[in-house]
file coords_24.csv (CSV, C-alpha atoms)
chain,number,residue,atom,x,y,z
S,1,MET,CA,17.3,-45.1,10.2
S,2,ASN,CA,14.7,-47.5,11.3
S,3,ALA,CA,13.1,-45.2,13.9
S,4,GLU,CA,13.0,-42.3,11.4
S,5,HIS,CA,11.4,-44.5,8.9
S,6,ARG,CA,8.8,-45.6,11.4
S,7,ASN,CA,8.2,-41.9,12.2
S,8,GLY,CA,7.7,-41.1,8.5
S,9,ASP,CA,5.2,-44.0,8.1
S,10,ASP,CA,3.5,-42.8,11.2
S,11,VAL,CA,3.1,-39.3,9.7
S,12,ALA,CA,1.8,-40.7,6.5
S,13,ARG,CA,-0.8,-42.8,8.4
S,14,ARG,CA,-1.8,-39.8,10.5
S,15,LEU,CA,-2.2,-37.6,7.4
S,16,ASP,CA,-4.3,-40.2,5.7
S,17,ASN,CA,-6.5,-40.5,8.7
S,18,LEU,CA,-6.8,-36.8,8.9
S,19,ARG,CA,-7.7,-36.6,5.3
S,20,ASP,CA,-10.4,-39.1,5.6
S,21,ALA,CA,-11.9,-37.4,8.7
S,22,LEU,CA,-11.8,-34.0,7.1
S,23,SER,CA,-13.3,-35.3,3.8
S,24,GLU,CA,-16.2,-36.6,5.9
S,25,VAL,CA,-16.7,-33.3,7.6
S,26,ILE,CA,-16.4,-31.3,4.4
S,27,PRO,CA,-17.9,-33.8,1.9
S,28,ASP,CA,-18.1,-33.6,-1.8
S,29,ASP,CA,-21.6,-32.2,-1.6
S,30,ALA,CA,-24.1,-31.4,-4.4
S,31,PRO,CA,-22.2,-30.6,-7.6
S,32,THR,CA,-24.0,-27.4,-8.0
S,33,ASP,CA,-24.8,-24.8,-5.4
S,34,GLU,CA,-26.6,-22.1,-7.4
S,35,LEU,CA,-28.0,-20.6,-4.2
S,36,GLY,CA,-24.6,-20.3,-2.7
S,37,ALA,CA,-23.1,-18.7,-5.8
S,38,ALA,CA,-26.0,-16.3,-6.1
S,39,GLY,CA,-25.6,-15.4,-2.4
S,40,LEU,CA,-21.9,-14.5,-3.0
S,41,LEU,CA,-22.8,-12.5,-6.1
S,42,ALA,CA,-25.4,-10.6,-4.1
S,43,GLN,CA,-23.0,-10.0,-1.3
S,44,ALA,CA,-20.4,-8.7,-3.7
S,45,MET,CA,-22.9,-6.2,-5.1
S,46,THR,CA,-24.0,-4.9,-1.7
S,47,THR,CA,-20.5,-4.6,-0.2
S,48,SER,CA,-19.2,-2.9,-3.2
S,49,THR,CA,-21.8,-0.2,-3.1
S,50,ALA,CA,-21.5,0.2,0.6
S,51,PRO,CA,-20.7,3.8,1.6
S,52,ARG,CA,-17.0,4.2,1.3
S,53,VAL,CA,-15.1,7.2,0.2
S,54,PRO,CA,-13.7,6.7,-3.2
S,55,TRP,CA,-10.4,8.4,-2.4
S,56,ALA,CA,-9.6,6.3,0.7
S,57,ASP,CA,-7.1,4.0,-1.0
S,58,LEU,CA,-5.6,6.6,-3.3
S,59,THR,CA,-2.5,8.8,-2.8
S,60,GLY,CA,-1.0,11.8,-4.4
S,61,HIS,CA,-2.6,13.4,-7.4
S,62,ASP,CA,-5.2,10.7,-7.9
S,63,ARG,CA,-6.4,11.2,-4.4
S,64,HIS,CA,-6.5,15.0,-4.7
S,65,ALA,CA,-8.3,14.8,-8.0
S,66,GLN,CA,-10.9,12.5,-6.6
S,67,CYS,CA,-11.4,14.7,-3.6
S,68,LEU,CA,-11.7,17.8,-5.9
S,69,ILE,CA,-14.3,16.1,-8.1
S,70,ALA,CA,-16.3,15.1,-5.0
S,71,ALA,CA,-15.9,18.5,-3.4
S,72,ARG,CA,-17.3,20.1,-6.5
S,73,GLU,CA,-20.4,18.1,-6.0
S,74,GLY,CA,-20.7,19.5,-2.5
S,75,ASP,CA,-19.0,16.6,-0.6
S,76,ARG,CA,-17.9,18.2,2.6
S,77,GLU,CA,-15.8,15.3,3.7
S,78,ALA,CA,-13.8,15.5,0.5
S,79,LEU,CA,-13.1,19.1,1.1
S,80,ASP,CA,-12.0,18.4,4.6
S,81,ALA,CA,-9.7,15.7,3.3
S,82,LEU,CA,-8.1,18.1,0.9
S,83,VAL,CA,-7.7,20.8,3.5
S,84,SER,CA,-6.1,18.5,6.0
S,85,ASP,CA,-3.9,16.9,3.4
S,86,LEU,CA,-2.6,20.1,1.8
S,87,THR,CA,-2.6,22.7,4.5
S,88,PRO,CA,0.9,21.7,5.7
S,89,LEU,CA,2.2,22.2,2.2
S,90,LEU,CA,0.6,25.6,1.8
S,91,TRP,CA,1.9,26.5,5.3
S,92,HIS,CA,5.4,25.8,4.3
S,93,VAL,CA,5.1,27.7,1.0
S,94,ALA,CA,3.9,30.7,3.0
S,95,ARG,CA,6.6,30.4,5.6
S,96,GLY,CA,9.1,29.8,2.9
S,97,ASN,CA,8.2,33.1,1.5
S,98,GLY,CA,9.2,34.8,4.6
S,99,LEU,CA,6.0,35.4,6.3
S,100,ASP,CA,5.5,35.4,10.1
S,101,ARG,CA,3.2,33.0,11.7
S,102,THR,CA,0.0,35.1,11.7
S,103,THR,CA,0.5,36.4,8.2
S,104,ALA,CA,1.1,32.8,7.0
S,105,GLU,CA,-2.1,31.8,8.6
S,106,ASP,CA,-3.9,34.5,6.8
S,107,VAL,CA,-2.3,33.4,3.5
S,108,VAL,CA,-3.3,29.8,3.9
S,109,GLN,CA,-6.8,30.9,4.8
S,110,ASN,CA,-7.0,33.1,1.7
S,111,VAL,CA,-5.7,30.4,-0.6
S,112,TRP,CA,-8.4,28.1,0.5
S,113,LEU,CA,-11.0,30.8,0.1
S,114,GLY,CA,-9.7,31.5,-3.4
S,115,PHE,CA,-9.8,27.8,-4.1
S,116,LEU,CA,-13.5,27.6,-3.1
S,117,ARG,CA,-14.2,30.5,-5.4
S,118,HIS,CA,-12.5,28.8,-8.2
S,119,LEU,CA,-13.7,25.3,-7.4
S,120,ASP,CA,-15.8,25.0,-10.6
S,121,ARG,CA,-13.2,26.7,-12.8
S,122,LEU,CA,-10.2,24.5,-12.1
S,123,GLN,CA,-9.7,22.7,-15.5
S,124,GLU,CA,-7.5,19.9,-14.5
S,125,PRO,CA,-8.1,18.2,-11.2
S,126,ARG,CA,-4.8,16.5,-11.2
S,127,ALA,CA,-3.0,19.9,-11.3
S,128,LEU,CA,-4.7,21.0,-8.1
S,129,VAL,CA,-1.5,20.9,-5.9
S,130,GLY,CA,0.4,23.0,-8.4
S,131,TRP,CA,-2.4,25.5,-8.6
S,132,LEU,CA,-2.5,25.8,-4.8
S,133,ILE,CA,1.2,26.3,-4.5
S,134,VAL,CA,1.2,29.0,-7.2
S,135,ALA,CA,-1.7,30.7,-5.4
S,136,ALA,CA,0.0,30.5,-2.1
S,137,ARG,CA,3.2,32.0,-3.5
S,138,ARG,CA,1.2,34.9,-5.1
S,139,GLU,CA,-0.8,35.4,-2.0
S,140,SER,CA,2.4,35.4,0.1
S,141,ARG,CA,4.1,38.0,-2.0
S,142,ARG,CA,1.0,40.2,-1.8
S,143,SER,CA,1.0,40.0,2.0
S,144,TRP,CA,4.7,40.6,2.1
S,145,ARG,CA,4.3,43.7,0.1
S,146,ASP,CA,1.4,44.8,2.3
S,147,VAL,CA,3.4,44.2,5.4
S,148,ALA,CA,6.7,45.5,4.4
S,149,GLY,CA,5.4,48.3,2.2
S,150,ARG,CA,7.8,47.5,-0.6
S,151,ALA,CA,8.1,45.2,-3.6
S,152,PRO,CA,8.7,41.6,-2.9
S,153,LEU,CA,12.0,40.0,-3.9
S,154,SER,CA,11.9,38.3,-7.2
S,155,SER,CA,13.3,34.8,-7.1
S,156,ASP,CA,16.3,36.0,-9.1
S,157,THR,CA,17.4,38.7,-6.7
S,158,ALA,CA,16.5,36.6,-3.7
S,159,GLU,CA,19.1,34.1,-4.6
S,160,GLU,CA,21.8,36.8,-4.4
S,161,LEU,CA,20.8,38.2,-1.0
S,162,PRO,CA,21.9,36.9,2.4
S,163,SER,CA,18.6,35.9,3.9
S,164,ASP,CA,19.0,36.8,7.5
S,165,GLN,CA,15.7,38.6,7.7
S,166,TRP,CA,13.9,35.3,7.1
S,167,LEU,CA,14.3,34.1,10.6
S,168,PRO,CA,11.8,31.5,11.6
S,169,GLU,CA,9.4,32.2,14.4
S,170,VAL,CA,10.4,32.3,18.0
S,171,GLU,CA,7.9,29.5,18.8
S,172,ALA,CA,9.9,27.1,16.7
S,173,LEU,CA,13.1,27.8,18.5
S,174,ARG,CA,12.1,25.7,21.5
S,175,ASP,CA,15.1,23.7,22.2
S,176,GLU,CA,18.7,24.0,21.5
S,177,ARG,CA,18.9,21.6,18.6
S,178,ASP,CA,15.9,23.2,16.9
S,179,ARG,CA,17.3,26.6,17.5
S,180,ARG,CA,20.6,25.8,15.9
S,181,LEU,CA,19.0,23.9,13.1
S,182,TRP,CA,16.5,26.7,12.3
S,183,ALA,CA,19.3,29.3,12.6
S,184,ALA,CA,21.4,27.4,10.1
S,185,PHE,CA,18.4,26.9,7.9
S,186,ALA,CA,17.8,30.6,7.9
S,187,ARG,CA,21.3,31.2,6.6
S,188,LEU,CA,20.6,29.2,3.5
S,189,PRO,CA,19.8,30.9,0.3
S,190,ARG,CA,16.1,31.5,0.0
S,191,ARG,CA,15.6,29.2,-2.9
S,192,CYS,CA,17.3,26.4,-0.9
S,193,GLN,CA,15.0,27.1,2.0
S,194,GLU,CA,12.0,26.9,-0.2
S,195,LEU,CA,13.1,23.7,-1.9
S,196,LEU,CA,13.8,22.1,1.4
S,197,ARG,CA,10.4,23.2,2.8
S,198,LEU,CA,8.7,21.7,-0.2
S,199,THR,CA,10.6,18.5,-0.4
S,200,VAL,CA,11.5,17.6,3.1
S,201,LEU,CA,9.3,19.5,5.6
S,202,ALA,CA,6.0,19.4,3.9
S,203,GLY,CA,6.7,15.8,2.9
S,204,ARG,CA,3.7,15.6,0.5
S,205,ALA,CA,4.6,17.3,-2.7
S,206,ASP,CA,6.1,15.1,-5.3
S,207,TYR,CA,8.9,16.3,-7.6
S,208,ARG,CA,6.6,17.2,-10.4
S,209,VAL,CA,4.8,19.7,-8.2
S,210,VAL,CA,8.0,21.0,-6.8
S,211,SER,CA,9.4,21.5,-10.3
S,212,GLU,CA,6.2,23.4,-11.3
S,213,ALA,CA,6.2,25.5,-8.2
S,214,LEU,CA,9.9,26.4,-8.2
S,215,ARG,CA,10.2,26.5,-12.0
S,216,MET,CA,13.0,24.1,-11.8
S,217,PRO,CA,13.8,21.2,-14.1
S,218,HIS,CA,12.5,17.9,-12.6
S,219,GLY,CA,15.9,16.3,-12.8
S,220,SER,CA,17.8,18.9,-10.8
S,221,ILE,CA,15.5,18.8,-7.8
S,222,GLY,CA,17.2,15.8,-6.2
S,223,PRO,CA,20.8,17.0,-6.7
S,224,THR,CA,19.9,20.5,-5.6
S,225,ARG,CA,18.1,19.2,-2.6
S,226,GLY,CA,21.2,17.2,-1.7
S,227,ARG,CA,23.4,20.3,-2.1
S,228,CYS,CA,21.1,22.3,0.1
S,229,LEU,CA,21.2,19.6,2.8
S,230,ARG,CA,25.0,19.5,2.6
S,231,THR,CA,25.1,23.3,3.0
S,232,LEU,CA,22.8,23.1,5.9
S,233,ARG,CA,25.0,20.5,7.5
S,234,ALA,CA,28.1,22.6,6.9
S,235,GLU,CA,26.3,25.6,8.5
S,236,LEU,CA,25.5,23.5,11.5
S,237,ASP,CA,29.1,22.2,11.8
S,238,LYS,CA,30.5,25.7,11.5
S,239,GLU,CA,29.0,26.6,14.9
W,240,MET,CA,-14.9,-9.4,-22.8
W,241,THR,CA,-17.6,-11.8,-21.6
W,242,SER,CA,-21.1,-10.5,-21.3
W,243,PRO,CA,-22.4,-10.2,-17.7
W,244,PRO,CA,-24.6,-13.3,-17.7
W,245,GLY,CA,-21.6,-15.3,-19.2
W,246,ARG,CA,-19.4,-13.9,-16.5
W,247,GLU,CA,-21.8,-15.0,-13.8
W,248,ARG,CA,-22.1,-18.4,-15.3
W,249,ALA,CA,-18.3,-18.8,-15.4
W,250,PHE,CA,-18.1,-17.7,-11.8
W,251,THR,CA,-20.8,-20.1,-10.7
W,252,GLU,CA,-19.1,-22.9,-12.5
W,253,PHE,CA,-15.8,-22.0,-10.9
W,254,TYR,CA,-17.4,-21.8,-7.5
W,255,ASP,CA,-19.1,-25.2,-7.9
W,256,ARG,CA,-15.9,-26.9,-9.2
W,257,GLU,CA,-13.5,-25.5,-6.6
W,258,ARG,CA,-15.3,-24.7,-3.4
W,259,VAL,CA,-14.9,-28.0,-1.7
W,260,SER,CA,-11.2,-28.3,-2.3
W,261,LEU,CA,-10.7,-24.7,-1.2
W,262,PHE,CA,-12.8,-25.2,2.0
W,263,ARG,CA,-10.7,-28.3,2.7
W,264,PHE,CA,-7.5,-26.4,2.0
W,265,ALA,CA,-8.5,-23.6,4.4
W,266,ALA,CA,-9.6,-26.1,7.1
W,267,VAL,CA,-6.1,-27.7,7.1
W,268,MET,CA,-4.4,-24.3,7.0
W,269,SER,CA,-6.2,-22.7,9.9
W,270,PRO,CA,-8.7,-25.1,11.6
W,271,HIS,CA,-8.9,-22.8,14.6
W,272,LEU,CA,-9.9,-19.7,12.6
W,273,ASP,CA,-13.1,-18.9,10.7
W,274,HIS,CA,-11.7,-20.5,7.6
W,275,GLU,CA,-15.1,-20.9,6.0
W,276,SER,CA,-15.8,-17.2,5.9
W,277,ALA,CA,-12.3,-16.6,4.6
W,278,VAL,CA,-13.1,-18.8,1.6
W,279,GLN,CA,-16.4,-17.1,1.0
W,280,ASP,CA,-14.7,-13.7,1.2
W,281,ALA,CA,-12.1,-14.8,-1.2
W,282,PHE,CA,-14.8,-15.8,-3.7
W,283,ILE,CA,-16.3,-12.4,-3.3
W,284,ILE,CA,-13.0,-10.7,-4.0
W,285,ALA,CA,-12.5,-13.0,-7.0
W,286,TRP,CA,-15.8,-12.0,-8.5
W,287,ARG,CA,-14.9,-8.3,-8.2
W,288,GLU,CA,-11.6,-8.9,-9.9
W,289,TRP,CA,-12.9,-11.6,-12.2
W,290,ASP,CA,-11.7,-10.1,-15.5
W,291,SER,CA,-8.2,-9.4,-14.3
W,292,ILE,CA,-7.5,-13.0,-13.1
W,293,SER,CA,-6.3,-15.3,-15.8
W,294,PRO,CA,-8.6,-18.3,-16.1
W,295,ALA,CA,-5.7,-20.8,-15.8
W,296,SER,CA,-4.6,-19.5,-12.5
W,297,ARG,CA,-7.9,-18.8,-10.8
W,298,ARG,CA,-7.5,-21.5,-8.3
W,299,ALA,CA,-4.0,-20.6,-7.4
W,300,TRP,CA,-5.1,-17.0,-7.1
W,301,MET,CA,-7.9,-18.0,-4.7
W,302,ILE,CA,-5.4,-20.0,-2.6
W,303,LYS,CA,-3.2,-16.9,-2.3
W,304,VAL,CA,-6.1,-14.7,-1.3
W,305,ILE,CA,-7.3,-17.3,1.2
W,306,ARG,CA,-3.9,-17.5,2.7
W,307,ASN,CA,-3.7,-13.7,3.1
W,308,LEU,CA,-7.1,-13.5,4.7
W,309,LEU,CA,-6.2,-16.3,7.1
W,310,VAL,CA,-3.0,-14.5,8.0
W,311,ASP,CA,-5.1,-11.3,8.6
W,312,LEU,CA,-7.5,-13.3,10.8
W,313,ALA,CA,-4.6,-14.8,12.7
W,314,ARG,CA,-3.1,-11.4,13.3
W,315,LYS,CA,-6.3,-10.2,14.9
W,316,ARG,CA,-5.8,-12.9,17.5
W,317,GLU,CA,-3.9,-12.1,20.6
W,318,ARG,CA,-1.0,-14.4,20.0
W,319,PRO,CA,-0.8,-15.5,16.4
W,320,GLY,CA,0.9,-18.8,15.9
W,321,VAL,CA,0.5,-20.0,19.4
W,322,LEU,CA,-2.4,-22.4,19.7
W,323,THR,CA,-4.1,-22.1,23.1
W,324,GLU,CA,-6.1,-24.9,24.6
W,325,TRP,CA,-9.2,-22.9,23.8
W,326,GLN,CA,-8.3,-22.7,20.2
W,327,ALA,CA,-7.5,-26.3,20.1
W,328,GLY,CA,-10.9,-26.9,21.5
W,329,SER,CA,-12.4,-25.5,18.3
W,330,TYR,CA,-10.9,-28.4,16.4
W,331,ARG,CA,-13.7,-30.3,17.9
W,332,LEU,CA,-16.0,-28.8,15.3
W,333,LEU,CA,-13.9,-30.2,12.6
W,334,VAL,CA,-13.5,-33.7,13.9
W,335,GLN,CA,-16.7,-34.0,15.8
W,336,ARG,CA,-17.6,-37.2,13.9
W,337,GLN,CA,-14.7,-39.0,15.4
W,338,ARG,CA,-16.4,-40.6,18.4
W,339,ASP,CA,-13.4,-42.5,19.6
W,340,PRO,CA,-11.5,-40.2,22.0
W,341,GLU,CA,-8.1,-41.7,21.0
W,342,ASP,CA,-8.8,-41.1,17.3
W,343,TRP,CA,-9.9,-37.6,18.1
W,344,GLN,CA,-6.8,-36.9,20.1
W,345,GLU,CA,-4.6,-38.1,17.3
W,346,LEU,CA,-6.4,-36.1,14.7
W,347,THR,CA,-6.2,-32.9,16.7
W,348,THR,CA,-2.5,-33.3,17.5
W,349,THR,CA,-1.8,-33.9,13.8
W,350,LEU,CA,-3.8,-30.8,12.9
W,351,SER,CA,-2.1,-28.6,15.5
W,352,ALA,CA,1.3,-29.9,14.4
W,353,ILE,CA,0.5,-28.7,10.9
W,354,GLY,CA,-0.8,-25.5,12.4
W,355,SER,CA,2.5,-24.8,14.0
W,356,LEU,CA,4.5,-25.0,10.8
W,357,PRO,CA,5.8,-21.8,9.2
W,358,GLU,CA,3.5,-20.3,6.7
W,359,ARG,CA,5.2,-21.5,3.5
W,360,LEU,CA,5.7,-25.0,4.7
W,361,ARG,CA,2.1,-25.2,5.9
W,362,THR,CA,0.8,-24.0,2.6
W,363,ALA,CA,2.9,-26.5,0.7
W,364,LEU,CA,1.8,-29.4,2.9
W,365,ALA,CA,-1.8,-28.4,3.0
W,366,MET,CA,-1.9,-28.1,-0.8
W,367,ARG,CA,-0.1,-31.4,-1.3
W,368,PHE,CA,-2.4,-33.0,1.3
W,369,TRP,CA,-5.4,-32.3,-0.9
W,370,LYS,CA,-3.6,-33.4,-4.1
W,371,PHE,CA,-2.9,-30.1,-5.7
W,372,ASP,CA,-0.2,-30.6,-8.2
W,373,ASP,CA,3.4,-29.3,-7.7
W,374,ASP,CA,3.0,-26.7,-10.5
W,375,GLU,CA,0.1,-25.1,-8.8
W,376,ILE,CA,1.8,-25.2,-5.4
W,377,ALA,CA,4.9,-23.6,-7.1
W,378,GLU,CA,2.7,-20.9,-8.6
W,379,VAL,CA,1.1,-20.1,-5.2
W,380,LEU,CA,4.4,-19.9,-3.4
W,381,GLY,CA,6.3,-18.3,-6.2
W,382,CYS,CA,9.1,-20.9,-6.3
W,383,ASP,CA,10.0,-23.8,-8.5
W,384,ARG,CA,8.9,-27.4,-8.3
W,385,SER,CA,12.0,-28.7,-6.6
W,386,THR,CA,11.6,-26.1,-3.9
W,387,VAL,CA,8.0,-27.3,-3.5
W,388,ARG,CA,9.2,-30.8,-3.0
W,389,ARG,CA,11.8,-29.7,-0.4
W,390,TYR,CA,9.1,-27.7,1.5
W,391,VAL,CA,6.8,-30.7,1.6
W,392,SER,CA,9.4,-33.0,2.9
W,393,GLN,CA,10.6,-30.4,5.5
W,394,ALA,CA,7.0,-30.0,6.5
W,395,ARG,CA,6.5,-33.7,7.0
W,396,ALA,CA,9.7,-34.0,8.9
W,397,GLN,CA,8.7,-31.2,11.3
W,398,VAL,CA,5.2,-32.7,11.8
W,399,SER,CA,6.9,-36.1,12.4
W,400,GLN,CA,9.1,-34.5,15.0
W,401,LEU,CA,6.2,-32.8,16.7
W,402,VAL,CA,3.9,-35.8,16.9
W,403,GLY,CA,6.7,-38.2,17.4
W,404,ASN,CA,8.1,-36.3,20.3
W,405,GLN,CA,4.8,-36.4,22.0
W,406,GLU,CA,4.7,-40.1,21.8
W,407,ARG,CA,8.2,-40.5,23.0
W,408,ARG,CA,7.6,-38.1,25.9
W,409,ALA,CA,4.6,-40.2,26.9
W,410,ARG,CA,6.6,-43.4,26.7
W,411,ARG,CA,9.8,-42.3,28.3
W,412,PRO,CA,8.9,-42.5,32.0
W,413,ARG,CA,8.1,-46.2,31.6
W,414,LYS,CA,11.6,-46.9,30.3
W,415,GLY,CA,13.2,-45.4,33.4
W,416,ASN,CA,16.2,-43.2,33.7
W,417,SER,CA,19.3,-44.0,31.6
call {"tool": "encode", "arguments": {"input": "coords_24.csv", "output": "structure tokens"}}
result
Amino acid sequence: MNAEHRNGDDVARRLDNLRDALSEVIPDDAPTDELGAAGLLAQAMTTSTAPRVPWADLTGHDRHAQCLIAAREGDREALDALVSDLTPLLWHVARGNGLDRTTAEDVVQNVWLGFLRHLDRLQEPRALVGWLIVAARRESRRSWRDVAGRAPLSSDTAEELPSDQWLPEVEALRDERDRRLWAAFARLPRRCQELLRLTVLAGRADYRVVSEALRMPHGSIGPTRGRCLRTLRAELDKE
Amino acid sequence: MTSPPGRERAFTEFYDRERVSLFRFAAVMSPHLDHESAVQDAFIIAWREWDSISPASRRAWMIKVIRNLLVDLARKRERPGVLTEWQAGSYRLLVQRQRDPEDWQELTTTLSAIGSLPERLRTALAMRFWKFDDDEIAEVLGCDRSTVRRYVSQARAQVSQLVGNQERRARRPRKGNS
């Protein structure tokens, strides 16, 4: 259409004018700008060495490994990052081993103390999470034995037993939904509970760690987790 | 692996060769934002990652980084995408050499029409505007050349509609009611 054509021409003219105006404002200046380039290079140097924690952009094992290495050199911030990252995980390991709240707190505390004692002796920084989980399990069993005055369940016998003595704490049973959920959770086999705690509740461990901690083949974690969740749902529906 | 002085020379050459076109590109993309520092920042990032950028796509790589930086800048504004009078006022810097108020008015309305285009159309138009070739535009946008041509013509049509409507709106009252 004629009007459309005119509009198109108008846009072309406007764009040409704009290009001319902008080319005048941002001219083809001196072909070389060594000072400008040197300024950029200098800025790149200074900003890259600016104080910035090396683990800030990392996640998972890389992050923990970086933090561990820094913590060895006495970096308090790195240690804090590790503690705040991994305490929820240790907490769930301890609770999953049937400890009450206060005992679990002690266990977590002891695991961190043990970690500090072993700081220089941990061979493989990337295996830190696995190390902590194993330490938390051992520590939990020791406390359990201390408290109950008898040998802890082995993971083999535990699977066979109904686990009604592993009731979660009263504090967690605040509302009806939580109460029902936790009650159903407590009726799950202990291994299921532990798996769900590690994979769902702690939300931080990846499957490699879980398979290490539970001595389970990597490939069966997902399906088992699905079965545990289905069992949990069935338990909930039964009520 | 290039030696450090060789790297610096390569970077300086790249900077000298491309800086003007990149400044111009950024100016059309986001005249109301601090487009100059976005370009500078992109050069700094390019230097840090110099070895991982393939020499053939350095300019396209820069365009992508500049776009992202400009998007970040725009997000920091209260209402991204909506050009306020105050922002439009900062076009003045860009077209200050135009002394004729009518010319100035026309240039700013054109610029703000481009500014109101969706991101992809705007990139396509701004690159075409400064004579980047279709292959490079396609690389930046991650599409093929025919899509680039479609984007450019869509962009022009939308600009045409925006600036055309303004003229029609201005003229209509004189024509009287239908």
call {"tool": "atom_distance", "arguments": {"input": "coords_24.csv", "atom1": "CA of Gln66 in chain S", "atom2": "CA of Pro125 in chain S"}}
result
7.8 Å
call {"tool": "closest_residue", "arguments": {"input": "coords_24.csv", "among": "S:Arg142, S:Arg137, S:Arg215, S:His92", "to": "Thr199 in chain S", "atoms": "all atoms listed in the file"}}
result
S:His92
call {"tool": "closest_atom_pairs", "arguments": {"input": "coords_24.csv", "of": "chain S", "to": "chain W", "cutoff": "10 Å", "atoms": "only C-alpha atoms", "output": "Markdown table"}}
result
| residue | atom | partner | partner_atom | distance |
| --- | --- | --- | --- | --- |
| S:Glu4 | CA | W:Ser399 | CA | 8.8 |
| S:Arg6 | CA | W:Ser399 | CA | 9.7 |
| S:Asn7 | CA | W:Ser399 | CA | 5.9 |
| S:Gly8 | CA | W:Ser399 | CA | 6.4 |
| S:Asp9 | CA | W:Ser399 | CA | 9.2 |
| S:Asp10 | CA | W:Ser399 | CA | 7.6 |
| S:Val11 | CA | W:Ser399 | CA | 5.7 |
| S:Ala12 | CA | W:Arg395 | CA | 8.4 |
| S:Arg14 | CA | W:Thr349 | CA | 6.8 |
| S:Leu15 | CA | W:Thr349 | CA | 7.4 |
| S:Asp16 | CA | W:Phe368 | CA | 8.6 |
| S:Asn17 | CA | W:Leu346 | CA | 7.4 |
| S:Leu18 | CA | W:Leu346 | CA | 5.9 |
| S:Arg19 | CA | W:Phe368 | CA | 7.6 |
| S:Ala21 | CA | W:Val334 | CA | 6.6 |
| S:Leu22 | CA | W:Leu333 | CA | 7.0 |
| S:Ser23 | CA | W:Arg263 | CA | 7.5 |
| S:Glu24 | CA | W:Arg336 | CA | 8.1 |
| S:Val25 | CA | W:Leu333 | CA | 6.5 |
| S:Ile26 | CA | W:Arg263 | CA | 6.7 |
| S:Pro27 | CA | W:Val259 | CA | 7.5 |
| S:Asp28 | CA | W:Val259 | CA | 6.5 |
| S:Asp29 | CA | W:Val259 | CA | 7.9 |
| S:Ala30 | CA | W:Asp255 | CA | 8.7 |
| S:Pro31 | CA | W:Asp255 | CA | 6.2 |
| S:Thr32 | CA | W:Asp255 | CA | 5.4 |
| S:Asp33 | CA | W:Asp255 | CA | 6.2 |
| S:Glu34 | CA | W:Thr251 | CA | 7.0 |
| S:Leu35 | CA | W:Thr251 | CA | 9.7 |
| S:Gly36 | CA | W:Tyr254 | CA | 8.8 |
| S:Ala37 | CA | W:Thr251 | CA | 5.6 |
| S:Ala38 | CA | W:Thr251 | CA | 7.9 |
| S:Gly39 | CA | W:Ile283 | CA | 9.8 |
| S:Leu40 | CA | W:Ile283 | CA | 6.0 |
| S:Leu41 | CA | W:Ile283 | CA | 7.1 |
| S:Ala42 | CA | W:Ile283 | CA | 9.3 |
| S:Gln43 | CA | W:Ile283 | CA | 7.4 |
| S:Ala44 | CA | W:Ile283 | CA | 5.5 |
| S:Met45 | CA | W:Arg287 | CA | 8.8 |
| S:Thr47 | CA | W:Ile283 | CA | 9.4 |
| S:Ser48 | CA | W:Arg287 | CA | 8.5 |
call {"tool": "closest_residue", "arguments": {"input": "coords_24.csv", "among": "S:Asp57, S:Glu235, S:Glu212, S:Asp20", "to": "Trp131 in chain S", "atoms": "all atoms listed in the file"}}
result
S:Glu212
call {"tool": "closest_residue", "arguments": {"input": "coords_24.csv", "among": "S:His61, S:Arg225, S:Arg179, S:Arg233", "to": "Gly130 in chain S", "atoms": "all atoms listed in the file"}}
result
S:His61
call {"tool": "atom_distance", "arguments": {"input": "coords_24.csv", "atom1": "CA of Arg101 in chain S", "atom2": "CA of Cys228 in chain S"}}
result
23.9 Å
call {"tool": "closest_residue", "arguments": {"input": "coords_24.csv", "among": "S:Leu214, S:Ala81, S:Leu58, S:Ala70", "to": "Leu196 in chain S", "atoms": "all atoms listed in the file"}}
result
S:Leu214
call {"tool": "residues_near_point", "arguments": {"input": "coords_24.csv", "point": "(-8.1, -16.1, -0.1)", "cutoff": "8 Å", "atoms": "only C-alpha atoms", "output": "NGL selection string"}}
result
:W and (277-278 or 280-282 or 300-309)
call {"tool": "atom_distance", "arguments": {"input": "coords_24.csv", "atom1": "CA of His218 in chain S", "atom2": "CA of Asp85 in chain S"}}
result
22.9 Å
call {"tool": "residues_around", "arguments": {"input": "coords_24.csv", "residues": "Leu90 in chain S", "least_positions_apart": "5", "cutoff": "10 Å", "atoms": "all atoms listed in the file", "output": "compact mmCIF listing (two decimals) with C-alpha atoms, in the coordinates of the input"}}
result
# COMPACT_ATOMS: atom_id res chain seq x y z
CA VAL S 83 -7.70 20.80 3.50
CA ASP S 85 -3.90 16.90 3.40
CA ARG S 95 6.60 30.40 5.60
CA GLY S 96 9.10 29.80 2.90
CA ALA S 104 1.10 32.80 7.00
CA GLU S 105 -2.10 31.80 8.60
CA VAL S 107 -2.30 33.40 3.50
CA VAL S 108 -3.30 29.80 3.90
CA GLN S 109 -6.80 30.90 4.80
CA VAL S 111 -5.70 30.40 -0.60
CA TRP S 112 -8.40 28.10 0.50
CA VAL S 129 -1.50 20.90 -5.90
CA LEU S 132 -2.50 25.80 -4.80
CA ILE S 133 1.20 26.30 -4.50
CA VAL S 134 1.20 29.00 -7.20
CA ALA S 135 -1.70 30.70 -5.40
CA ALA S 136 0.00 30.50 -2.10
CA ARG S 137 3.20 32.00 -3.50
CA LEU S 198 8.70 21.70 -0.20
CA ALA S 202 6.00 19.40 3.90
call {"tool": "closest_residue", "arguments": {"input": "coords_24.csv", "among": "W:Glu378, W:Arg389, W:Leu364, W:Ala394", "to": "Met268 in chain W", "atoms": "all atoms listed in the file"}}
result
W:Leu364
